[in-house]
Amino acid sequence: MWIIKKEEIKMGRTALIKLRPRRYKKGDLVRVDSVIMHPMHTGLVKDKKTGKIIPAHYINKVEVYYGGELVTSIDVNASVSANPFFSFYIKADKKAPLKIVWKDNKGEVTEKTVKIKPH
Amino acid sequence: MNRRNFLKMTAVAGAVVAVSPAVPLGLEAKAQPKKRSFEEALKEITKGKKPVESQKVKLIAPSIAENGAVVPVKVEVVEPIENVKAIHIMADKNFDPWTCSVHLTPQNGKPYFSTRIRLAKTMNVYAIAELKDGSFIMAKKPVKVTIGGCG
């Protein structure tokens with residue numbers, strides 16, 4: 001169901017955004033499902049081979065922009081599962097890009113944009 | 001007397017030796033997550049206010065989770081979106097009980113949030129909704145975990 005393009009694999013982490021339902025009218029509520037590939041190390045787990053603790057590496061901030069405007073922001077802790085999945089609603093009342101920005105505690109930033117165009 | 005002094009000296013020296021390696025470790029630990037109690041974490045979110053348990057918050061989570069590493073959690077608040085400022089998800093016996101906070105705006109259209117969280121053992125999951133007037137309403141659900149997920 002998730003289609004990954006080759007160009008996206010080159011650009012850092014893979015992130016996917018899915019809109020449900022696929023066809024919607026102006027003013028409809030659209031569910032946005034997002035997934036990013038990230039290990040989400042809590043900093044508590046030991047590496048089985050070396051016996052050392054794997055340092056904490058997790059996403060701590062997710063920002064959602066709809067037409068340049070900050071719509072939703074999510075503060076995340078390490079206790080969210082690996083490959084974090086976030087789902088929320090958006091009111092599709094204009095034709096504008098929806099951008100999701102994932103930031104992790106090591107300063108890595110991943111961006112992904114989808115177009116919202118009500119039929 | 002001599003022996004007593006000697007014992008005191010060695011005790012002090014021992015304490016110094018024990019403390020000195022702990023200092024750099026403590027500095028390093030800042031990058032690592034801190035262990036907190038549920039009350040502490042709740043206080044930081046609600047700023048001392050007590051959340052009221054309410055039917056308006058609908059928390060959907062499995063009652064038995066086989067794998068604690070992936071527990072799907074869904075929160076819906078039966079309130080107009082203008083009234084809901086944020087949704088917080090907490091798990092009371094995790095290393096750090098605070099899991100995530102979602103800040104919503106009227107553009108969202110519906111106070112809904114869904115994610116997947118990790119649970120270390122069997123515990124209660126809390127969904128706390130922050131309303132516009134500054135009050136907090138919450139729902140809790142016990143989740144039984146067969147295999148823990150936090151390592």
# chains A, B, ... in the order shown; residues from 1 in each chain; ligands from 1

call {"tool": "closest_atom_pairs", "arguments": {"of": "chain B", "to": "chain A", "cutoff": "12 Å", "atoms": "only C-alpha atoms", "output": "tab-separated table"}}
result
residue	atom	partner	partner_atom	distance
B:Glu28	CA	A:Pro55	CA	10.2
B:Ala29	CA	A:Gly43	CA	9.5
B:Lys30	CA	A:Ala56	CA	10.5
B:Ala31	CA	A:Ala56	CA	7.2
B:Gln32	CA	A:Gly43	CA	5.7
B:Pro33	CA	A:Gly43	CA	6.9
B:Lys34	CA	A:Gly43	CA	10.0
B:Lys35	CA	A:Leu44	CA	10.7
B:Ile45	CA	A:Asp75	CA	11.9
B:Asn67	CA	A:Ser81	CA	11.0
B:Gly68	CA	A:Ser81	CA	9.2
B:Ala69	CA	A:Ser81	CA	6.1
B:Val70	CA	A:Ser81	CA	5.7
B:Val71	CA	A:Ser81	CA	8.0
B:Pro72	CA	A:Phe85	CA	9.3
B:Val73	CA	A:Phe86	CA	10.2
B:Lys74	CA	A:Ser87	CA	8.9
B:Val75	CA	A:Phe88	CA	9.9
B:Glu76	CA	A:Phe88	CA	10.1
B:Ile81	CA	A:Tyr89	CA	10.7
B:Lys85	CA	A:Thr72	CA	10.3
B:Ala86	CA	A:Ile74	CA	9.4
B:Ile87	CA	A:Ile74	CA	9.4
B:His88	CA	A:Asp75	CA	9.3
B:Ile89	CA	A:Val76	CA	9.9
B:Met90	CA	A:Ser79	CA	9.6
B:Ala91	CA	A:Ser79	CA	9.1
B:Asp92	CA	A:Ser79	CA	11.7
B:Lys93	CA	A:Ser79	CA	11.5
B:Asn94	CA	A:Ser79	CA	8.0
B:Phe95	CA	A:Ser79	CA	8.5
B:Asp96	CA	A:Ser79	CA	7.7
B:Pro97	CA	A:Ser79	CA	8.3
B:Trp98	CA	A:Asn77	CA	7.0
B:Thr99	CA	A:Asn77	CA	5.2
B:Cys100	CA	A:Val76	CA	4.6
B:Ser101	CA	A:Asp75	CA	5.1
B:Val102	CA	A:Ile74	CA	4.4
B:His103	CA	A:Ser73	CA	5.3
B:Leu104	CA	A:Thr72	CA	5.1
B:Thr105	CA	A:Val71	CA	5.8
B:Pro106	CA	A:Val71	CA	8.2
B:Gln107	CA	A:Lys91	CA	5.7
B:Asn108	CA	A:Ile90	CA	4.3
B:Gly109	CA	A:Lys91	CA	5.2
B:Lys110	CA	A:Tyr89	CA	6.1
B:Pro111	CA	A:Tyr89	CA	7.7
B:Tyr112	CA	A:Phe88	CA	5.7
B:Phe113	CA	A:Phe88	CA	4.9
B:Ser114	CA	A:Ser87	CA	4.9
B:Thr115	CA	A:Phe86	CA	4.8
B:Arg116	CA	A:Ser81	CA	5.7
B:Ile117	CA	A:Val80	CA	4.3
B:Arg118	CA	A:Ser79	CA	5.3
B:Leu119	CA	A:Ser79	CA	7.6
B:Ala120	CA	A:Ser79	CA	9.2
B:Gly148	CA	A:Ser79	CA	12.0
B:Gly149	CA	A:Ser81	CA	8.6
B:Cys150	CA	A:Val45	CA	7.5
B:Gly151	CA	A:Val45	CA	5.2

call {"tool": "atom_distance", "arguments": {"atom1": "atom CA of Glu130 of chain B", "atom2": "atom CA of Asn83 of chain B"}}
result
8.6 Å

call {"tool": "select_by_dssp", "arguments": {"residues": "segment 3-73 of chain A", "states": "helix (DSSP H, G or I)", "output": "PyMOL selection string"}}
result
chain A and resi 6-10

call {"tool": "write_last_selection", "arguments": {"atoms": "N, CA and C atoms", "output": "short mmCIF file (atom, residue, chain, number, x, y, z; two decimals), in the first residue's frame"}}
result
data_model
loop_
_atom_site.label_atom_id
_atom_site.label_comp_id
_atom_site.auth_asym_id
_atom_site.auth_seq_id
_atom_site.Cartn_x
_atom_site.Cartn_y
_atom_site.Cartn_z
N LYS A 6 12.18 5.82 -5.73
CA LYS A 6 13.63 5.65 -5.59
C LYS A 6 14.31 6.91 -5.09
N GLU A 7 13.83 8.09 -5.51
CA GLU A 7 14.47 9.36 -5.11
C GLU A 7 14.36 9.57 -3.61
N GLU A 8 13.27 9.08 -3.03
CA GLU A 8 13.06 9.30 -1.60
C GLU A 8 14.05 8.51 -0.76
N ILE A 9 14.46 7.35 -1.23
CA ILE A 9 15.38 6.52 -0.47
C ILE A 9 16.74 7.21 -0.35
N LYS A 10 17.12 7.95 -1.40
CA LYS A 10 18.42 8.66 -1.35
C LYS A 10 18.40 9.77 -0.30
#

call {"tool": "closest_residue", "arguments": {"among": "A:Ile54, A:Ile17, A:Ile59, A:Met40", "to": "Leu98 of chain A", "atoms": "only C-alpha atoms"}}
result
A:Ile17

call {"tool": "closest_residue", "arguments": {"among": "B:Glu79, B:Glu66, B:Glu53, B:Glu40", "to": "Ile137 of chain B", "atoms": "only C-alpha atoms"}}
result
B:Glu53

call {"tool": "decode", "arguments": {"residues": "segment 20-43 of chain A", "atoms": "N, CA and C atoms", "output": "mmCIF file, in the first residue's frame"}}
result
data_model
loop_
_atom_site.group_PDB
_atom_site.id
_atom_site.type_symbol
_atom_site.label_atom_id
_atom_site.label_comp_id
_atom_site.auth_asym_id
_atom_site.auth_seq_id
_atom_site.Cartn_x
_atom_site.Cartn_y
_atom_site.Cartn_z
ATOM 1 N N ARG A 20 -6.646 9.849 3.982
ATOM 2 C CA ARG A 20 -7.835 9.011 3.980
ATOM 3 C C ARG A 20 -9.074 9.852 4.211
ATOM 4 N N PRO A 21 -10.133 9.821 3.425
ATOM 5 C CA PRO A 21 -10.246 9.092 2.172
ATOM 6 C C PRO A 21 -9.416 9.752 1.065
ATOM 7 N N ARG A 22 -9.233 9.043 -0.043
ATOM 8 C CA ARG A 22 -8.371 9.574 -1.094
ATOM 9 C C ARG A 22 -9.030 10.729 -1.836
ATOM 10 N N ARG A 23 -10.348 10.631 -2.029
ATOM 11 C CA ARG A 23 -11.074 11.716 -2.700
ATOM 12 C C ARG A 23 -11.914 12.437 -1.664
ATOM 13 N N TYR A 24 -11.832 13.765 -1.681
ATOM 14 C CA TYR A 24 -12.564 14.533 -0.673
ATOM 15 C C TYR A 24 -12.979 15.860 -1.279
ATOM 16 N N LYS A 25 -14.040 16.414 -0.717
ATOM 17 C CA LYS A 25 -14.531 17.709 -1.188
ATOM 18 C C LYS A 25 -13.943 18.810 -0.319
ATOM 19 N N LYS A 26 -14.129 20.045 -0.783
ATOM 20 C CA LYS A 26 -13.642 21.197 -0.025
ATOM 21 C C LYS A 26 -14.369 21.265 1.319
ATOM 22 N N GLY A 27 -13.604 21.416 2.397
ATOM 23 C CA GLY A 27 -14.213 21.501 3.721
ATOM 24 C C GLY A 27 -14.371 20.173 4.424
ATOM 25 N N ASP A 28 -14.061 19.082 3.744
ATOM 26 C CA ASP A 28 -14.150 17.760 4.367
ATOM 27 C C ASP A 28 -13.027 17.566 5.392
ATOM 28 N N LEU A 29 -13.281 16.648 6.321
ATOM 29 C CA LEU A 29 -12.222 16.261 7.250
ATOM 30 C C LEU A 29 -11.433 15.109 6.629
ATOM 31 N N VAL A 30 -10.128 15.273 6.569
ATOM 32 C CA VAL A 30 -9.272 14.256 5.964
ATOM 33 C C VAL A 30 -8.332 13.726 7.038
ATOM 34 N N ARG A 31 -8.237 12.398 7.140
ATOM 35 C CA ARG A 31 -7.306 11.818 8.105
ATOM 36 C C ARG A 31 -5.928 11.723 7.465
ATOM 37 N N VAL A 32 -4.920 12.198 8.192
ATOM 38 C CA VAL A 32 -3.541 12.145 7.701
ATOM 39 C C VAL A 32 -2.807 11.085 8.506
ATOM 40 N N ASP A 33 -2.342 10.031 7.833
ATOM 41 C CA ASP A 33 -1.542 8.989 8.473
ATOM 42 C C ASP A 33 -0.091 9.184 8.047
ATOM 43 N N SER A 34 0.822 9.221 9.000
ATOM 44 C CA SER A 34 2.223 9.420 8.642
ATOM 45 C C SER A 34 3.084 8.395 9.347
ATOM 46 N N VAL A 35 4.118 7.957 8.641
ATOM 47 C CA VAL A 35 5.077 6.993 9.191
ATOM 48 C C VAL A 35 6.466 7.451 8.790
ATOM 49 N N ILE A 36 7.423 7.356 9.717
ATOM 50 C CA ILE A 36 8.824 7.618 9.371
ATOM 51 C C ILE A 36 9.654 6.451 9.870
ATOM 52 N N MET A 37 10.642 6.066 9.079
ATOM 53 C CA MET A 37 11.526 4.974 9.480
ATOM 54 C C MET A 37 12.588 5.547 10.422
ATOM 55 N N HIS A 38 12.524 5.161 11.677
ATOM 56 C CA HIS A 38 13.468 5.674 12.666
ATOM 57 C C HIS A 38 13.621 4.627 13.775
ATOM 58 N N PRO A 39 14.870 4.350 14.245
ATOM 59 C CA PRO A 39 15.034 3.292 15.260
ATOM 60 C C PRO A 39 14.433 3.646 16.624
ATOM 61 N N MET A 40 14.353 4.954 16.983
ATOM 62 C CA MET A 40 13.827 5.413 18.285
ATOM 63 C C MET A 40 14.528 4.709 19.459
ATOM 64 N N HIS A 41 15.866 4.830 19.548
ATOM 65 C CA HIS A 41 16.593 4.236 20.673
ATOM 66 C C HIS A 41 16.288 5.008 21.949
ATOM 67 N N THR A 42 15.908 4.261 23.009
ATOM 68 C CA THR A 42 15.537 4.936 24.254
ATOM 69 C C THR A 42 16.749 5.330 25.100
ATOM 70 N N GLY A 43 17.899 4.715 24.834
ATOM 71 C CA GLY A 43 19.058 4.952 25.693
ATOM 72 C C GLY A 43 19.064 4.050 26.912
#
